[in-house]
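Structure record follows, encoded as structure tokens.
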Amino acid sequence: MAPGAAALQMLVDGHYRLQLRALPGAGIMVSARLKALPDPGPARDDLLLACARLACGTMKQQATTCSVDARCRAIWLQLPAPALSIKDIDDAVGRFVNSLAFWSRASRYL
């Protein structure tokens, strides 16, 4: 994410809260919070391991990635994408929302 760049917030389908941030070189980062992290310990370790396994299992089908925020409080889904046109942004948001729908359901069981 571009340091210091403000995020554009958007609500999709009345359910999914997305953030869009500008990236250097005419790109965007689309992201959404998936799940809060428990306090440090075995439960957090198990959650992160389960998320990593699922991410590895879906990486051929989905370009999205999982990350942990800087404060280690939540797991986020992210998609970096080119943004040379409105169509690029629309396509990226569409791909991201499809992936987010899967991850939102799956994260309930992690």
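The chains in the structure tokens are called A, B, ... from first to last as shown; in each chain the residues are counted from 1, and the ligands are counted from 1 in the order shown.
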
**OP:** Name the residues of chain A that fall into strand (DSSP E or B) according to DSSP on the backbone, using the chain letters and numbers of this document, as a PyMOL selection string.
**Re:** chain A and resi 8-12+16-23+27-36+65-68+74-82

**OP:** Give me the residues within 8 Å of stretch 45-54 of chain A as a PyMOL selection string, counting only C-alpha atoms and dropping any in the same chain fewer than 4 places off.
**Re:** chain A and resi 37+40-41+58+66+107+110

Original post:
Which is closest to A:Leu34 among A:Cys56, A:Leu20, A:Val68, A:Ile86, if we use only C-alpha atoms?
Top reply: A:Val68

Original post:
Looking at A:Ala22, A:Met10, A:Cys72, A:Ala63, which one is nearest to A:Asp39, with distances taken over only C-alpha atoms?
Top reply: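 Smallest distance to A:Asp39 is found for A:Cys72.
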
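Neighbours of A:Gly25 closer than or equal to 10 Å, with only C-alpha atoms counted and sequence neighbours fewer than 6 positions away skipped, come out as Pro82, Ala83 and Leu84 of chain A.
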